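Taking it in order: structure first as structure tokens, then the write-up.
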Amino acid sequence: RAERDRLRTLVTTAHREGRRIRFWATPDVAGPERDAVWSELLAAGVDHLNTDDLAGLERFLRARSAPIP
């Protein structure tokens, strides 16, 4: 809970300052851990999901019916 609150505070602060936010070095290997991290980041309002697995990100976003940039 504390980490989730801290993440949301970081995103809120960045957006208030007119900045976009992205985290580097998040899990990039397909699986439930990566999906859980991506889900938390999206729920917090992070602007960009950083990955080398673009096809995996597309599948993840389509499964969630999230907009694909």
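If you're wondering about the labels, chains in the structure tokens are A, B, ... by order shown, residues count from 1 in each chain, ligands from 1 in order shown.
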Fewer than 5 positions away in the same chain doesn't count, so skip those; otherwise give me all residues within 9 Å of A:Phe23, counting only C-alpha atoms, as a list in words. Leu41, Val46, His48, Leu49 and Asn50 of chain A
Give me the residues within 12 Å of stretch 55-63 of chain A as number ranges by chain, counting only C-alpha atoms and dropping any in the same chain fewer than 6 places off. A: 27-32, 34-39, 42, 48-49, 69
Include N, CA and C atoms and write out the residues we just selected as a PDB file, in the first residue's frame.
```
ATOM      1  N   PRO A  27      10.257  -4.750 -15.082  1.00  0.00           N
ATOM      2  CA  PRO A  27      10.373  -6.109 -15.624  1.00  0.00           C
ATOM      3  C   PRO A  27      10.013  -6.139 -17.110  1.00  0.00           C
ATOM      4  N   ASP A  28      10.822  -6.846 -17.888  1.00  0.00           N
ATOM      5  CA  ASP A  28      10.609  -6.878 -19.334  1.00  0.00           C
ATOM      6  C   ASP A  28      10.416  -8.295 -19.861  1.00  0.00           C
ATOM      7  N   VAL A  29      10.462  -9.275 -18.963  1.00  0.00           N
ATOM      8  CA  VAL A  29      10.247 -10.662 -19.364  1.00  0.00           C
ATOM      9  C   VAL A  29       8.766 -10.968 -19.212  1.00  0.00           C
ATOM     10  N   ALA A  30       8.164 -11.507 -20.276  1.00  0.00           N
ATOM     11  CA  ALA A  30       6.728 -11.792 -20.254  1.00  0.00           C
ATOM     12  C   ALA A  30       6.365 -12.681 -19.072  1.00  0.00           C
ATOM     13  N   GLY A  31       5.229 -12.374 -18.473  1.00  0.00           N
ATOM     14  CA  GLY A  31       4.740 -13.186 -17.364  1.00  0.00           C
ATOM     15  C   GLY A  31       3.929 -12.359 -16.389  1.00  0.00           C
ATOM     16  N   PRO A  32       3.423 -13.007 -15.356  1.00  0.00           N
ATOM     17  CA  PRO A  32       2.531 -12.326 -14.417  1.00  0.00           C
ATOM     18  C   PRO A  32       3.190 -11.175 -13.652  1.00  0.00           C
ATOM     19  N   ARG A  34       5.537  -9.055 -14.751  1.00  0.00           N
ATOM     20  CA  ARG A  34       5.555  -7.889 -15.636  1.00  0.00           C
ATOM     21  C   ARG A  34       4.152  -7.317 -15.795  1.00  0.00           C
ATOM     22  N   ASP A  35       3.172  -8.172 -16.011  1.00  0.00           N
ATOM     23  CA  ASP A  35       1.800  -7.696 -16.178  1.00  0.00           C
ATOM     24  C   ASP A  35       1.309  -6.966 -14.934  1.00  0.00           C
ATOM     25  N   ALA A  36       1.678  -7.464 -13.757  1.00  0.00           N
ATOM     26  CA  ALA A  36       1.270  -6.807 -12.508  1.00  0.00           C
ATOM     27  C   ALA A  36       1.905  -5.426 -12.388  1.00  0.00           C
ATOM     28  N   VAL A  37       3.190  -5.319 -12.740  1.00  0.00           N
ATOM     29  CA  VAL A  37       3.872  -4.018 -12.682  1.00  0.00           C
ATOM     30  C   VAL A  37       3.251  -3.064 -13.692  1.00  0.00           C
ATOM     31  N   TRP A  38       3.050  -3.518 -14.913  1.00  0.00           N
ATOM     32  CA  TRP A  38       2.438  -2.662 -15.935  1.00  0.00           C
ATOM     33  C   TRP A  38       1.048  -2.216 -15.498  1.00  0.00           C
ATOM     34  N   SER A  39       0.275  -3.114 -14.905  1.00  0.00           N
ATOM     35  CA  SER A  39      -1.076  -2.759 -14.439  1.00  0.00           C
ATOM     36  C   SER A  39      -1.024  -1.674 -13.378  1.00  0.00           C
ATOM     37  N   LEU A  42      -0.032   1.714 -15.016  1.00  0.00           N
ATOM     38  CA  LEU A  42      -1.161   2.310 -15.736  1.00  0.00           C
ATOM     39  C   LEU A  42      -2.209   2.852 -14.772  1.00  0.00           C
ATOM     40  N   HIS A  48       4.103   6.566 -19.869  1.00  0.00           N
ATOM     41  CA  HIS A  48       4.782   5.687 -20.827  1.00  0.00           C
ATOM     42  C   HIS A  48       5.191   4.397 -20.135  1.00  0.00           C
ATOM     43  N   LEU A  49       4.946   3.265 -20.797  1.00  0.00           N
ATOM     44  CA  LEU A  49       5.468   1.984 -20.328  1.00  0.00           C
ATOM     45  C   LEU A  49       6.720   1.694 -21.140  1.00  0.00           C
ATOM     46  N   PRO A  69      -1.064   3.769 -28.123  1.00  0.00           N
ATOM     47  CA  PRO A  69      -0.554   5.001 -28.749  1.00  0.00           C
ATOM     48  C   PRO A  69      -0.026   4.764 -30.143  1.00  0.00           C
TER      49      PRO A  69
END
```
Run DSSP on the backbone and grab whatever in chain A lands in helix (DSSP H, G or I); send it over as a count of residues only. 39
Using only C-alpha atoms, which protein or nucleic acid residues come within 12 Å of A:Ala14? Drop anything in the same chain fewer than 6 positions from it, and give the result as a ChimeraX atom specification. /A:7-8,20-22,44-47
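The gap separating atom CA of A:Arg64 from atom CA of A:Thr9 is 23.8 Å, in Å to one decimal.
The gap separating atom CA of A:Glu33 from atom CA of A:Thr12 is 24.3 Å, in Å to one decimal.
For chain A, backbone-based DSSP assignment of strand (DSSP E) covers Arg22, Phe23, His48 and Leu49 of chain A.
Between A:Glu3 and the candidates A:Ala25, A:Glu40, A:His15, A:Asp53, the tightest atom-to-atom separation, counting only C-alpha atoms, involves A:Glu40.
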